[in-house]
$ cat entry25.pdb   # PDB, C-alpha atoms
ATOM      1  CA  MET R   1      -0.848 119.628  27.558  1.00  0.00           C
ATOM      2  CA  ARG R   2       1.810 117.669  25.776  1.00  0.00           C
ATOM      3  CA  ARG R   3       5.498 117.850  25.262  1.00  0.00           C
ATOM      4  CA  TYR R   4       6.631 118.518  21.711  1.00  0.00           C
ATOM      5  CA  GLU R   5       9.873 118.876  19.898  1.00  0.00           C
ATOM      6  CA  LEU R   6       9.935 121.174  16.921  1.00  0.00           C
ATOM      7  CA  MET R   7      12.709 121.391  14.391  1.00  0.00           C
ATOM      8  CA  VAL R   8      12.814 124.208  11.860  1.00  0.00           C
ATOM      9  CA  ILE R   9      15.085 124.773   8.894  1.00  0.00           C
ATOM     10  CA  LEU R  10      15.292 128.431   8.041  1.00  0.00           C
ATOM     11  CA  ASP R  11      16.512 130.220   4.967  1.00  0.00           C
ATOM     12  CA  PRO R  12      20.328 130.577   5.034  1.00  0.00           C
ATOM     13  CA  ASP R  13      20.096 134.093   3.577  1.00  0.00           C
ATOM     14  CA  LEU R  14      18.765 135.254   6.909  1.00  0.00           C
ATOM     15  CA  GLU R  15      21.084 137.013   9.304  1.00  0.00           C
ATOM     16  CA  GLU R  16      22.013 134.554  12.006  1.00  0.00           C
ATOM     17  CA  ARG R  17      21.494 137.203  14.693  1.00  0.00           C
ATOM     18  CA  THR R  18      17.881 137.747  13.721  1.00  0.00           C
ATOM     19  CA  VAL R  19      17.012 134.060  13.967  1.00  0.00           C
ATOM     20  CA  ALA R  20      16.375 133.889  17.697  1.00  0.00           C
ATOM     21  CA  PRO R  21      14.084 136.946  17.872  1.00  0.00           C
ATOM     22  CA  SER R  22      12.057 135.934  14.820  1.00  0.00           C
ATOM     23  CA  LEU R  23      11.704 132.419  16.161  1.00  0.00           C
ATOM     24  CA  ASP R  24      10.519 133.885  19.416  1.00  0.00           C
ATOM     25  CA  GLN R  25       7.861 135.777  17.546  1.00  0.00           C
ATOM     26  CA  PHE R  26       6.476 132.521  16.179  1.00  0.00           C
ATOM     27  CA  LEU R  27       6.479 131.043  19.647  1.00  0.00           C
ATOM     28  CA  THR R  28       4.261 133.763  21.093  1.00  0.00           C
ATOM     29  CA  VAL R  29       1.284 131.728  19.891  1.00  0.00           C
ATOM     30  CA  VAL R  30       2.365 128.975  22.276  1.00  0.00           C
ATOM     31  CA  ARG R  31       2.743 131.297  25.235  1.00  0.00           C
ATOM     32  CA  SER R  32      -0.534 133.118  24.628  1.00  0.00           C
ATOM     33  CA  ASP R  33      -2.396 129.797  24.569  1.00  0.00           C
ATOM     34  CA  GLY R  34      -1.078 128.790  27.947  1.00  0.00           C
ATOM     35  CA  GLY R  35       1.786 126.610  26.788  1.00  0.00           C
ATOM     36  CA  SER R  36       5.405 127.067  27.668  1.00  0.00           C
ATOM     37  CA  VAL R  37       8.638 127.054  25.711  1.00  0.00           C
ATOM     38  CA  GLU R  38      11.188 124.907  27.486  1.00  0.00           C
ATOM     39  CA  LYS R  39      14.262 125.299  25.353  1.00  0.00           C
ATOM     40  CA  VAL R  40      15.297 127.019  22.149  1.00  0.00           C
ATOM     41  CA  ASP R  41      18.442 125.673  20.573  1.00  0.00           C
ATOM     42  CA  VAL R  42      19.723 127.406  17.438  1.00  0.00           C
ATOM     43  CA  TRP R  43      22.233 125.106  15.768  1.00  0.00           C
ATOM     44  CA  GLY R  44      23.219 127.685  13.235  1.00  0.00           C
ATOM     45  CA  ARG R  45      24.156 127.219   9.617  1.00  0.00           C
ATOM     46  CA  ARG R  46      24.500 123.647   8.467  1.00  0.00           C
ATOM     47  CA  ARG R  47      24.959 122.007   5.128  1.00  0.00           C
ATOM     48  CA  LEU R  48      21.884 120.198   3.860  1.00  0.00           C
ATOM     49  CA  SER R  49      22.246 116.637   2.638  1.00  0.00           C
ATOM     50  CA  TYR R  50      20.299 117.592  -0.458  1.00  0.00           C
ATOM     51  CA  GLU R  51      18.976 120.809  -1.908  1.00  0.00           C
ATOM     52  CA  ILE R  52      15.744 122.199  -0.561  1.00  0.00           C
ATOM     53  CA  SER R  53      14.281 124.833  -2.880  1.00  0.00           C
ATOM     54  CA  LYS R  54      17.715 125.418  -4.447  1.00  0.00           C
ATOM     55  CA  LYS R  55      19.399 126.026  -1.113  1.00  0.00           C
ATOM     56  CA  VAL R  56      22.431 124.011  -0.097  1.00  0.00           C
ATOM     57  CA  GLU R  57      22.542 125.323   3.454  1.00  0.00           C
ATOM     58  CA  GLY R  58      20.017 125.926   6.160  1.00  0.00           C
ATOM     59  CA  ILE R  59      19.809 127.433   9.620  1.00  0.00           C
ATOM     60  CA  TYR R  60      18.634 124.732  12.014  1.00  0.00           C
ATOM     61  CA  ALA R  61      16.773 125.368  15.228  1.00  0.00           C
ATOM     62  CA  VAL R  62      15.268 122.941  17.727  1.00  0.00           C
ATOM     63  CA  VAL R  63      12.571 124.016  20.157  1.00  0.00           C
ATOM     64  CA  ASP R  64      11.225 122.014  23.076  1.00  0.00           C
ATOM     65  CA  LEU R  65       7.776 123.115  24.146  1.00  0.00           C
ATOM     66  CA  ILE R  66       4.730 122.097  26.121  1.00  0.00           C
ATOM     67  CA  ALA R  67       1.380 122.991  24.591  1.00  0.00           C
ATOM     68  CA  GLU R  68      -2.055 121.844  23.582  1.00  0.00           C
ATOM     69  CA  PRO R  69      -2.243 119.811  20.376  1.00  0.00           C
ATOM     70  CA  ALA R  70      -4.297 122.491  18.614  1.00  0.00           C
ATOM     71  CA  THR R  71      -1.729 125.153  19.479  1.00  0.00           C
ATOM     72  CA  VAL R  72       1.091 123.180  17.942  1.00  0.00           C
ATOM     73  CA  LEU R  73      -0.962 122.601  14.830  1.00  0.00           C
ATOM     74  CA  GLU R  74      -1.478 126.339  14.521  1.00  0.00           C
ATOM     75  CA  LEU R  75       2.218 127.031  15.134  1.00  0.00           C
ATOM     76  CA  ASP R  76       3.203 124.573  12.433  1.00  0.00           C
ATOM     77  CA  ARG R  77       0.722 126.129  10.033  1.00  0.00           C
ATOM     78  CA  GLN R  78       2.099 129.618  10.631  1.00  0.00           C
ATOM     79  CA  LEU R  79       5.667 128.417  10.183  1.00  0.00           C
ATOM     80  CA  ASN R  80       4.867 126.784   6.883  1.00  0.00           C
ATOM     81  CA  LEU R  81       3.229 129.973   5.620  1.00  0.00           C
ATOM     82  CA  ASN R  82       6.404 131.912   6.199  1.00  0.00           C
ATOM     83  CA  GLU R  83       8.780 132.004   3.269  1.00  0.00           C
ATOM     84  CA  ALA R  84      11.881 132.078   5.433  1.00  0.00           C
ATOM     85  CA  VAL R  85      11.039 128.603   6.716  1.00  0.00           C
ATOM     86  CA  LEU R  86      12.293 125.818   4.480  1.00  0.00           C
ATOM     87  CA  ARG R  87      11.018 122.878   6.486  1.00  0.00           C
ATOM     88  CA  THR R  88       9.549 121.961   9.847  1.00  0.00           C
ATOM     89  CA  LYS R  89       9.116 118.806  11.856  1.00  0.00           C
ATOM     90  CA  VAL R  90       7.042 118.361  14.980  1.00  0.00           C
ATOM     91  CA  LEU R  91       7.653 115.288  17.089  1.00  0.00           C
ATOM     92  CA  ARG R  92       6.476 113.977  20.413  1.00  0.00           C
ATOM     93  CA  PRO R  93       9.595 112.604  22.045  1.00  0.00           C
ATOM     94  CA  ASP R  94       7.666 110.817  24.808  1.00  0.00           C
ATOM     95  CA  GLN R  95       5.570 108.802  22.401  1.00  0.00           C
ATOM     96  CA  ARG R  96       7.648 105.696  22.998  1.00  0.00           C
TER      97      ARG R  96
ATOM     98  CA  MET Z  97      35.671  63.515   2.571  1.00  0.00           C
ATOM     99  CA  ALA Z  98      36.731  66.538   4.484  1.00  0.00           C
ATOM    100  CA  LYS Z  99      34.026  69.053   4.350  1.00  0.00           C
ATOM    101  CA  PRO Z 100      35.073  72.653   4.505  1.00  0.00           C
ATOM    102  CA  PRO Z 101      34.673  73.653   8.124  1.00  0.00           C
ATOM    103  CA  LEU Z 102      31.346  75.266   8.707  1.00  0.00           C
ATOM    104  CA  ARG Z 103      31.813  78.892   9.459  1.00  0.00           C
ATOM    105  CA  LYS Z 104      29.843  79.727  12.513  1.00  0.00           C
ATOM    106  CA  PRO Z 105      28.573  83.273  12.148  1.00  0.00           C
ATOM    107  CA  LYS Z 106      29.407  85.254  15.191  1.00  0.00           C
ATOM    108  CA  LYS Z 107      26.286  86.134  17.072  1.00  0.00           C
ATOM    109  CA  LYS Z 108      25.879  89.873  17.136  1.00  0.00           C
ATOM    110  CA  VAL Z 109      24.131  91.630  19.945  1.00  0.00           C
ATOM    111  CA  CYS Z 110      22.011  94.692  19.510  1.00  0.00           C
ATOM    112  CA  MET Z 111      24.030  97.672  20.702  1.00  0.00           C
ATOM    113  CA  PHE Z 112      20.917  99.511  21.840  1.00  0.00           C
ATOM    114  CA  CYS Z 113      19.879  96.637  24.102  1.00  0.00           C
ATOM    115  CA  VAL Z 114      23.393  96.391  25.500  1.00  0.00           C
ATOM    116  CA  ASP Z 115      23.845 100.106  26.079  1.00  0.00           C
ATOM    117  CA  LYS Z 116      20.229 100.522  27.213  1.00  0.00           C
ATOM    118  CA  ILE Z 117      19.527 103.485  24.979  1.00  0.00           C
ATOM    119  CA  PRO Z 118      15.813 104.083  25.460  1.00  0.00           C
ATOM    120  CA  TYR Z 119      15.192 106.540  22.640  1.00  0.00           C
ATOM    121  CA  ILE Z 120      16.947 106.730  19.304  1.00  0.00           C
ATOM    122  CA  ASP Z 121      17.171 110.380  18.406  1.00  0.00           C
ATOM    123  CA  TYR Z 122      16.879 111.381  14.770  1.00  0.00           C
ATOM    124  CA  LYS Z 123      19.143 114.370  15.471  1.00  0.00           C
ATOM    125  CA  ASP Z 124      22.076 112.140  16.423  1.00  0.00           C
ATOM    126  CA  THR Z 125      23.488 111.752  12.932  1.00  0.00           C
ATOM    127  CA  ALA Z 126      26.835 110.445  14.128  1.00  0.00           C
ATOM    128  CA  LEU Z 127      25.074 107.437  15.636  1.00  0.00           C
ATOM    129  CA  LEU Z 128      22.696 106.920  12.719  1.00  0.00           C
ATOM    130  CA  ARG Z 129      25.504 107.055  10.188  1.00  0.00           C
ATOM    131  CA  LYS Z 130      26.729 103.732  11.533  1.00  0.00           C
ATOM    132  CA  PHE Z 131      23.496 102.198  10.306  1.00  0.00           C
ATOM    133  CA  ILE Z 132      23.507 103.466   6.755  1.00  0.00           C
ATOM    134  CA  SER Z 133      25.748 102.359   3.925  1.00  0.00           C
ATOM    135  CA  ASP Z 134      28.000 104.772   2.056  1.00  0.00           C
ATOM    136  CA  ARG Z 135      25.232 104.942  -0.513  1.00  0.00           C
ATOM    137  CA  GLY Z 136      22.832 106.165   2.148  1.00  0.00           C
ATOM    138  CA  LYS Z 137      20.824 102.976   2.403  1.00  0.00           C
ATOM    139  CA  ILE Z 138      19.747 101.608   5.758  1.00  0.00           C
ATOM    140  CA  ARG Z 139      21.831  98.606   6.773  1.00  0.00           C
ATOM    141  CA  ALA Z 140      19.949  95.328   6.991  1.00  0.00           C
ATOM    142  CA  ARG Z 141      19.457  93.746  10.357  1.00  0.00           C
ATOM    143  CA  ARG Z 142      21.764  90.844   9.565  1.00  0.00           C
ATOM    144  CA  VAL Z 143      24.485  93.429   8.953  1.00  0.00           C
ATOM    145  CA  SER Z 144      23.735  95.868  11.744  1.00  0.00           C
ATOM    146  CA  GLY Z 145      22.983  93.123  14.291  1.00  0.00           C
ATOM    147  CA  ASN Z 146      20.104  95.005  15.887  1.00  0.00           C
ATOM    148  CA  CYS Z 147      17.095  93.345  17.447  1.00  0.00           C
ATOM    149  CA  SER Z 148      13.854  93.748  15.540  1.00  0.00           C
ATOM    150  CA  GLN Z 149      12.453  96.462  17.785  1.00  0.00           C
ATOM    151  CA  HIS Z 150      15.574  98.584  17.694  1.00  0.00           C
ATOM    152  CA  GLN Z 151      16.087  98.032  13.985  1.00  0.00           C
ATOM    153  CA  ARG Z 152      12.642  99.488  13.470  1.00  0.00           C
ATOM    154  CA  ASP Z 153      13.442 102.451  15.720  1.00  0.00           C
ATOM    155  CA  VAL Z 154      16.661 103.051  13.810  1.00  0.00           C
ATOM    156  CA  ALA Z 155      14.817 102.935  10.499  1.00  0.00           C
ATOM    157  CA  ILE Z 156      12.249 105.462  11.694  1.00  0.00           C
ATOM    158  CA  ALA Z 157      14.967 107.737  13.056  1.00  0.00           C
ATOM    159  CA  VAL Z 158      16.909 107.566   9.788  1.00  0.00           C
ATOM    160  CA  LYS Z 159      13.797 108.409   7.812  1.00  0.00           C
ATOM    161  CA  ASN Z 160      12.971 111.358  10.058  1.00  0.00           C
ATOM    162  CA  SER Z 161      16.538 112.486   9.708  1.00  0.00           C
ATOM    163  CA  ARG Z 162      16.351 112.285   5.942  1.00  0.00           C
ATOM    164  CA  GLU Z 163      13.242 114.436   5.888  1.00  0.00           C
ATOM    165  CA  MET Z 164      15.163 117.150   7.670  1.00  0.00           C
ATOM    166  CA  ALA Z 165      18.141 116.823   5.298  1.00  0.00           C
ATOM    167  CA  LEU Z 166      20.416 115.639   8.088  1.00  0.00           C
ATOM    168  CA  LEU Z 167      21.080 112.392   6.244  1.00  0.00           C
ATOM    169  CA  PRO Z 168      21.004 111.843   2.494  1.00  0.00           C
ATOM    170  CA  TYR Z 169      18.326 109.883   0.685  1.00  0.00           C
ATOM    171  CA  THR Z 170      21.028 108.878  -1.773  1.00  0.00           C
ATOM    172  CA  SER Z 171      24.593 109.947  -1.984  1.00  0.00           C
ATOM    173  CA  THR Z 172      26.125 110.109  -5.396  1.00  0.00           C
ATOM    174  CA  ALA Z 173      29.651 109.692  -4.076  1.00  0.00           C
ATOM    175  CA  ARG Z 174      31.438 106.916  -5.942  1.00  0.00           C
TER     176      ARG Z 174
END
$ encode --input "entry25.pdb" --output "structure tokens"
Amino acid sequence: MRRYELMVILDPDLEERTVAPSLDQFLTVVRSDGGSVEKVDVWGRRRLSYEISKKVEGIYAVVDLIAEPATVLELDRQLNLNEAVLRTKVLRPDQR
Amino acid sequence: MAKPPLRKPKKKVCMFCVDKIPYIDYKDTALLRKFISDRGKIRARRVSGNCSQHQRDVAIAVKNSREMALLPYTSTAR
């Protein structure tokens, strides 16, 4: 089990209220594989420094989680398949 | 012959070593903005005054930040 930090940029056309539940749905894969979600932090709408697929804004969310490496890989794959997700980044904060 | 007085460059100290910041977070754009120029370029070590290890950490954090559109790759302002 390892600690991960996941950042997601979601489509700004999404309703901000629906962000947390839909994010939670993605995170079920972590819970069902025995991992745990430590913290979900939705930053909300934020201006992007440059356009990503013609969007000037994005909804940012940061998730701290503990999971197996394979689980995180699967989570990242599923996120990237979804069209509402503009970009993701998975980091291990304890690497240094 | 009077030589122009040699200007002694003031020795800078790395602010991360002084403040003992163990991990440079790519999400902390306010901090990272101090280490990029107004064009969005990463400041050189002789300008920023960081030690080599922390300069590298800053560079990695800035690059991560750019990937997530928190910082610009280039800013056209000017």
$ closest_residue --input "entry25.pdb" --among "R:Gly58, R:Met7, R:Val42, R:Arg77" --to "Pro21 (chain R)" --atoms "only C-alpha atoms"
R:Val42
$ residues_around --input "entry25.pdb" --residues "Glu68 (chain R)" --least-positions-apart "4" --cutoff "12 Å" --atoms "all atoms listed in the file" --output "compact mmCIF listing (two decimals) with C-alpha atoms, in the coordinates of the input"
# COMPACT_ATOMS: atom_id res chain seq x y z
CA MET R 1 -0.85 119.63 27.56
CA ARG R 2 1.81 117.67 25.78
CA ARG R 3 5.50 117.85 25.26
CA TYR R 4 6.63 118.52 21.71
CA VAL R 29 1.28 131.73 19.89
CA VAL R 30 2.37 128.98 22.28
CA ARG R 31 2.74 131.30 25.24
CA SER R 32 -0.53 133.12 24.63
CA ASP R 33 -2.40 129.80 24.57
CA GLY R 34 -1.08 128.79 27.95
CA GLY R 35 1.79 126.61 26.79
CA SER R 36 5.40 127.07 27.67
CA VAL R 72 1.09 123.18 17.94
CA LEU R 73 -0.96 122.60 14.83
CA GLU R 74 -1.48 126.34 14.52
CA LEU R 75 2.22 127.03 15.13
$ atom_distance --input "entry25.pdb" --atom1 "CA of Leu79 (chain R)" --atom2 "CA of Val8 (chain R)"
8.5 Å
$ closest_atom_pairs --input "entry25.pdb" --of "chain R" --to "chain Z" --cutoff "8 Å" --atoms "all atoms listed in the file" --output "Markdown table"
| residue | atom | partner | partner_atom | distance |
| --- | --- | --- | --- | --- |
| R:Ile9 | CA | Z:Met164 | CA | 7.7 |
| R:Leu48 | CA | Z:Ala165 | CA | 5.2 |
| R:Ser49 | CA | Z:Ala165 | CA | 4.9 |
| R:Tyr50 | CA | Z:Ala165 | CA | 6.2 |
| R:Arg87 | CA | Z:Met164 | CA | 7.2 |
| R:Thr88 | CA | Z:Met164 | CA | 7.7 |
| R:Lys89 | CA | Z:Met164 | CA | 7.5 |
| R:Arg96 | CA | Z:Tyr119 | CA | 7.6 |
$ atom_distance --input "entry25.pdb" --atom1 "CA of Tyr60 (chain R)" --atom2 "CA of Ala84 (chain R)"
12.0 Å
$ atom_distance --input "entry25.pdb" --atom1 "CA of Val158 (chain Z)" --atom2 "CA of Phe26 (chain R)"
27.8 Å
$ residues_around --input "entry25.pdb" --residues "Cys113 (chain Z)" --least-positions-apart "2" --cutoff "10 Å" --atoms "all atoms listed in the file" --output "PyMOL selection string"
chain Z and resi 109-111+115-118+146-147+149-150
$ residues_around --input "entry25.pdb" --residues "Ile132 (chain Z)" --least-positions-apart "5" --cutoff "10 Å" --atoms "only C-alpha atoms" --output "mmCIF file with C-alpha atoms, in the frame of the given file"
data_model
loop_
_atom_site.group_PDB
_atom_site.id
_atom_site.type_symbol
_atom_site.label_atom_id
_atom_site.label_comp_id
_atom_site.auth_asym_id
_atom_site.auth_seq_id
_atom_site.Cartn_x
_atom_site.Cartn_y
_atom_site.Cartn_z
ATOM 1 C CA LEU Z 127 25.074 107.437 15.636
ATOM 2 C CA LYS Z 137 20.824 102.976 2.403
ATOM 3 C CA ILE Z 138 19.747 101.608 5.758
ATOM 4 C CA ARG Z 139 21.831 98.606 6.773
ATOM 5 C CA ALA Z 140 19.949 95.328 6.991
ATOM 6 C CA SER Z 144 23.735 95.868 11.744
ATOM 7 C CA VAL Z 154 16.661 103.051 13.810
ATOM 8 C CA ALA Z 155 14.817 102.935 10.499
ATOM 9 C CA VAL Z 158 16.909 107.566 9.788
ATOM 10 C CA LEU Z 167 21.080 112.392 6.244
ATOM 11 C CA PRO Z 168 21.004 111.843 2.494
#
$ residues_around --input "entry25.pdb" --residues "Val40 (chain R)" --least-positions-apart "3" --cutoff "9 Å" --atoms "only C-alpha atoms" --output "ChimeraX atom specification"
/R:20,23-24,37,61-65
$ axis_aligned_box --input "entry25.pdb" --around "region 66-69 of chain R" --padding-each-side "4 Å" --output "lines of an AutoDock Vina configuration file"
center_x = 1.2
center_y = 121.4
center_z = 23.2
size_x = 15.0
size_y = 11.2
size_z = 13.7
$ decode --input "entry25.pdb" --residues "region 43-54 of chain R" --atoms "all heavy atoms" --output "PDB file, in the first residue's frame"
ATOM      1  N   TRP R  43     -11.246  22.142  -5.372  1.00  0.00           N
ATOM      2  CA  TRP R  43     -10.845  23.560  -5.392  1.00  0.00           C
ATOM      3  C   TRP R  43     -11.898  24.423  -6.057  1.00  0.00           C
ATOM      4  O   TRP R  43     -11.978  25.610  -5.809  1.00  0.00           O
ATOM      5  CB  TRP R  43      -9.551  23.733  -6.180  1.00  0.00           C
ATOM      6  CG  TRP R  43      -8.324  23.205  -5.534  1.00  0.00           C
ATOM      7  CD1 TRP R  43      -8.273  22.424  -4.409  1.00  0.00           C
ATOM      8  CD2 TRP R  43      -6.979  23.406  -5.951  1.00  0.00           C
ATOM      9  NE1 TRP R  43      -6.972  22.137  -4.130  1.00  0.00           N
ATOM     10  CE2 TRP R  43      -6.154  22.717  -5.045  1.00  0.00           C
ATOM     11  CE3 TRP R  43      -6.403  24.103  -7.016  1.00  0.00           C
ATOM     12  CZ2 TRP R  43      -4.771  22.702  -5.173  1.00  0.00           C
ATOM     13  CZ3 TRP R  43      -5.025  24.086  -7.135  1.00  0.00           C
ATOM     14  CH2 TRP R  43      -4.225  23.395  -6.224  1.00  0.00           C
ATOM     15  N   GLY R  44     -12.645  23.814  -6.952  1.00  0.00           N
ATOM     16  CA  GLY R  44     -13.614  24.591  -7.695  1.00  0.00           C
ATOM     17  C   GLY R  44     -13.029  25.131  -8.989  1.00  0.00           C
ATOM     18  O   GLY R  44     -11.962  24.731  -9.408  1.00  0.00           O
ATOM     19  N   ARG R  45     -13.793  26.049  -9.589  1.00  0.00           N
ATOM     20  CA  ARG R  45     -13.424  26.566 -10.897  1.00  0.00           C
ATOM     21  C   ARG R  45     -12.170  27.429 -10.804  1.00  0.00           C
ATOM     22  O   ARG R  45     -12.026  28.223  -9.880  1.00  0.00           O
ATOM     23  CB  ARG R  45     -14.580  27.421 -11.401  1.00  0.00           C
ATOM     24  CG  ARG R  45     -14.926  27.220 -12.832  1.00  0.00           C
ATOM     25  CD  ARG R  45     -16.285  27.848 -13.062  1.00  0.00           C
ATOM     26  NE  ARG R  45     -17.343  26.962 -12.590  1.00  0.00           N
ATOM     27  CZ  ARG R  45     -18.003  26.145 -13.410  1.00  0.00           C
ATOM     28  NH1 ARG R  45     -17.721  26.119 -14.671  1.00  0.00           N
ATOM     29  NH2 ARG R  45     -18.951  25.368 -12.939  1.00  0.00           N
ATOM     30  N   ARG R  46     -11.291  27.268 -11.741  1.00  0.00           N
ATOM     31  CA  ARG R  46     -10.045  28.014 -11.723  1.00  0.00           C
ATOM     32  C   ARG R  46      -9.614  28.239 -13.149  1.00  0.00           C
ATOM     33  O   ARG R  46      -9.804  27.398 -14.007  1.00  0.00           O
ATOM     34  CB  ARG R  46      -9.001  27.170 -10.990  1.00  0.00           C
ATOM     35  CG  ARG R  46      -7.851  27.936 -10.422  1.00  0.00           C
ATOM     36  CD  ARG R  46      -6.776  26.977 -10.000  1.00  0.00           C
ATOM     37  NE  ARG R  46      -5.514  27.547 -10.432  1.00  0.00           N
ATOM     38  CZ  ARG R  46      -4.646  28.107  -9.594  1.00  0.00           C
ATOM     39  NH1 ARG R  46      -4.883  28.116  -8.322  1.00  0.00           N
ATOM     40  NH2 ARG R  46      -3.546  28.647 -10.053  1.00  0.00           N
ATOM     41  N   ARG R  47      -9.050  29.397 -13.380  1.00  0.00           N
ATOM     42  CA  ARG R  47      -8.599  29.732 -14.724  1.00  0.00           C
ATOM     43  C   ARG R  47      -7.349  28.939 -15.062  1.00  0.00           C
ATOM     44  O   ARG R  47      -6.425  28.845 -14.273  1.00  0.00           O
ATOM     45  CB  ARG R  47      -8.284  31.224 -14.778  1.00  0.00           C
ATOM     46  CG  ARG R  47      -8.556  31.809 -16.098  1.00  0.00           C
ATOM     47  CD  ARG R  47      -8.127  33.250 -16.168  1.00  0.00           C
ATOM     48  NE  ARG R  47      -7.848  33.557 -17.548  1.00  0.00           N
ATOM     49  CZ  ARG R  47      -8.798  33.708 -18.468  1.00  0.00           C
ATOM     50  NH1 ARG R  47     -10.059  33.602 -18.097  1.00  0.00           N
ATOM     51  NH2 ARG R  47      -8.512  33.963 -19.705  1.00  0.00           N
ATOM     52  N   LEU R  48      -7.327  28.357 -16.256  1.00  0.00           N
ATOM     53  CA  LEU R  48      -6.140  27.618 -16.679  1.00  0.00           C
ATOM     54  C   LEU R  48      -5.099  28.587 -17.228  1.00  0.00           C
ATOM     55  O   LEU R  48      -5.445  29.628 -17.787  1.00  0.00           O
ATOM     56  CB  LEU R  48      -6.520  26.612 -17.780  1.00  0.00           C
ATOM     57  CG  LEU R  48      -7.588  25.567 -17.440  1.00  0.00           C
ATOM     58  CD1 LEU R  48      -7.941  24.768 -18.686  1.00  0.00           C
ATOM     59  CD2 LEU R  48      -7.099  24.628 -16.372  1.00  0.00           C
ATOM     60  N   SER R  49      -3.848  28.238 -17.064  1.00  0.00           N
ATOM     61  CA  SER R  49      -2.777  29.101 -17.571  1.00  0.00           C
ATOM     62  C   SER R  49      -2.724  29.089 -19.094  1.00  0.00           C
ATOM     63  O   SER R  49      -2.200  30.003 -19.705  1.00  0.00           O
ATOM     64  CB  SER R  49      -1.429  28.651 -17.030  1.00  0.00           C
ATOM     65  OG  SER R  49      -1.386  28.877 -15.654  1.00  0.00           O
ATOM     66  N   TYR R  50      -3.219  28.016 -19.670  1.00  0.00           N
ATOM     67  CA  TYR R  50      -3.291  27.915 -21.123  1.00  0.00           C
ATOM     68  C   TYR R  50      -4.490  27.041 -21.441  1.00  0.00           C
ATOM     69  O   TYR R  50      -4.987  26.317 -20.586  1.00  0.00           O
ATOM     70  CB  TYR R  50      -2.002  27.327 -21.707  1.00  0.00           C
ATOM     71  CG  TYR R  50      -1.555  26.052 -21.025  1.00  0.00           C
ATOM     72  CD1 TYR R  50      -2.013  24.822 -21.474  1.00  0.00           C
ATOM     73  CD2 TYR R  50      -0.721  26.079 -19.914  1.00  0.00           C
ATOM     74  CE1 TYR R  50      -1.636  23.656 -20.849  1.00  0.00           C
ATOM     75  CE2 TYR R  50      -0.335  24.909 -19.282  1.00  0.00           C
ATOM     76  CZ  TYR R  50      -0.789  23.704 -19.751  1.00  0.00           C
ATOM     77  OH  TYR R  50      -0.415  22.548 -19.132  1.00  0.00           O
ATOM     78  N   GLU R  51      -4.937  27.103 -22.676  1.00  0.00           N
ATOM     79  CA  GLU R  51      -6.131  26.346 -23.042  1.00  0.00           C
ATOM     80  C   GLU R  51      -5.842  24.846 -23.077  1.00  0.00           C
ATOM     81  O   GLU R  51      -4.814  24.419 -23.587  1.00  0.00           O
ATOM     82  CB  GLU R  51      -6.609  26.777 -24.424  1.00  0.00           C
ATOM     83  CG  GLU R  51      -7.300  28.112 -24.421  1.00  0.00           C
ATOM     84  CD  GLU R  51      -7.902  28.429 -25.784  1.00  0.00           C
ATOM     85  OE1 GLU R  51      -7.965  27.530 -26.628  1.00  0.00           O
ATOM     86  OE2 GLU R  51      -8.302  29.579 -25.973  1.00  0.00           O
ATOM     87  N   ILE R  52      -6.771  24.086 -22.545  1.00  0.00           N
ATOM     88  CA  ILE R  52      -6.713  22.641 -22.691  1.00  0.00           C
ATOM     89  C   ILE R  52      -7.987  22.241 -23.402  1.00  0.00           C
ATOM     90  O   ILE R  52      -9.080  22.499 -22.902  1.00  0.00           O
ATOM     91  CB  ILE R  52      -6.623  21.924 -21.325  1.00  0.00           C
ATOM     92  CG1 ILE R  52      -5.355  22.332 -20.592  1.00  0.00           C
ATOM     93  CG2 ILE R  52      -6.659  20.410 -21.517  1.00  0.00           C
ATOM     94  CD1 ILE R  52      -5.228  21.743 -19.210  1.00  0.00           C
ATOM     95  N   SER R  53      -7.854  21.650 -24.552  1.00  0.00           N
ATOM     96  CA  SER R  53      -8.964  21.313 -25.453  1.00  0.00           C
ATOM     97  C   SER R  53     -10.006  22.424 -25.493  1.00  0.00           C
ATOM     98  O   SER R  53     -11.184  22.215 -25.182  1.00  0.00           O
ATOM     99  CB  SER R  53      -9.582  19.953 -25.120  1.00  0.00           C
ATOM    100  OG  SER R  53      -9.864  19.822 -23.752  1.00  0.00           O
ATOM    101  N   LYS R  54      -9.535  23.621 -25.819  1.00  0.00           N
ATOM    102  CA  LYS R  54     -10.351  24.819 -26.063  1.00  0.00           C
ATOM    103  C   LYS R  54     -11.056  25.359 -24.819  1.00  0.00           C
ATOM    104  O   LYS R  54     -11.939  26.195 -24.912  1.00  0.00           O
ATOM    105  CB  LYS R  54     -11.422  24.564 -27.150  1.00  0.00           C
ATOM    106  CG  LYS R  54     -10.913  23.888 -28.397  1.00  0.00           C
ATOM    107  CD  LYS R  54     -10.195  24.851 -29.315  1.00  0.00           C
ATOM    108  CE  LYS R  54      -9.678  24.116 -30.538  1.00  0.00           C
ATOM    109  NZ  LYS R  54      -8.453  24.716 -31.069  1.00  0.00           N
TER     110      LYS R  54
END
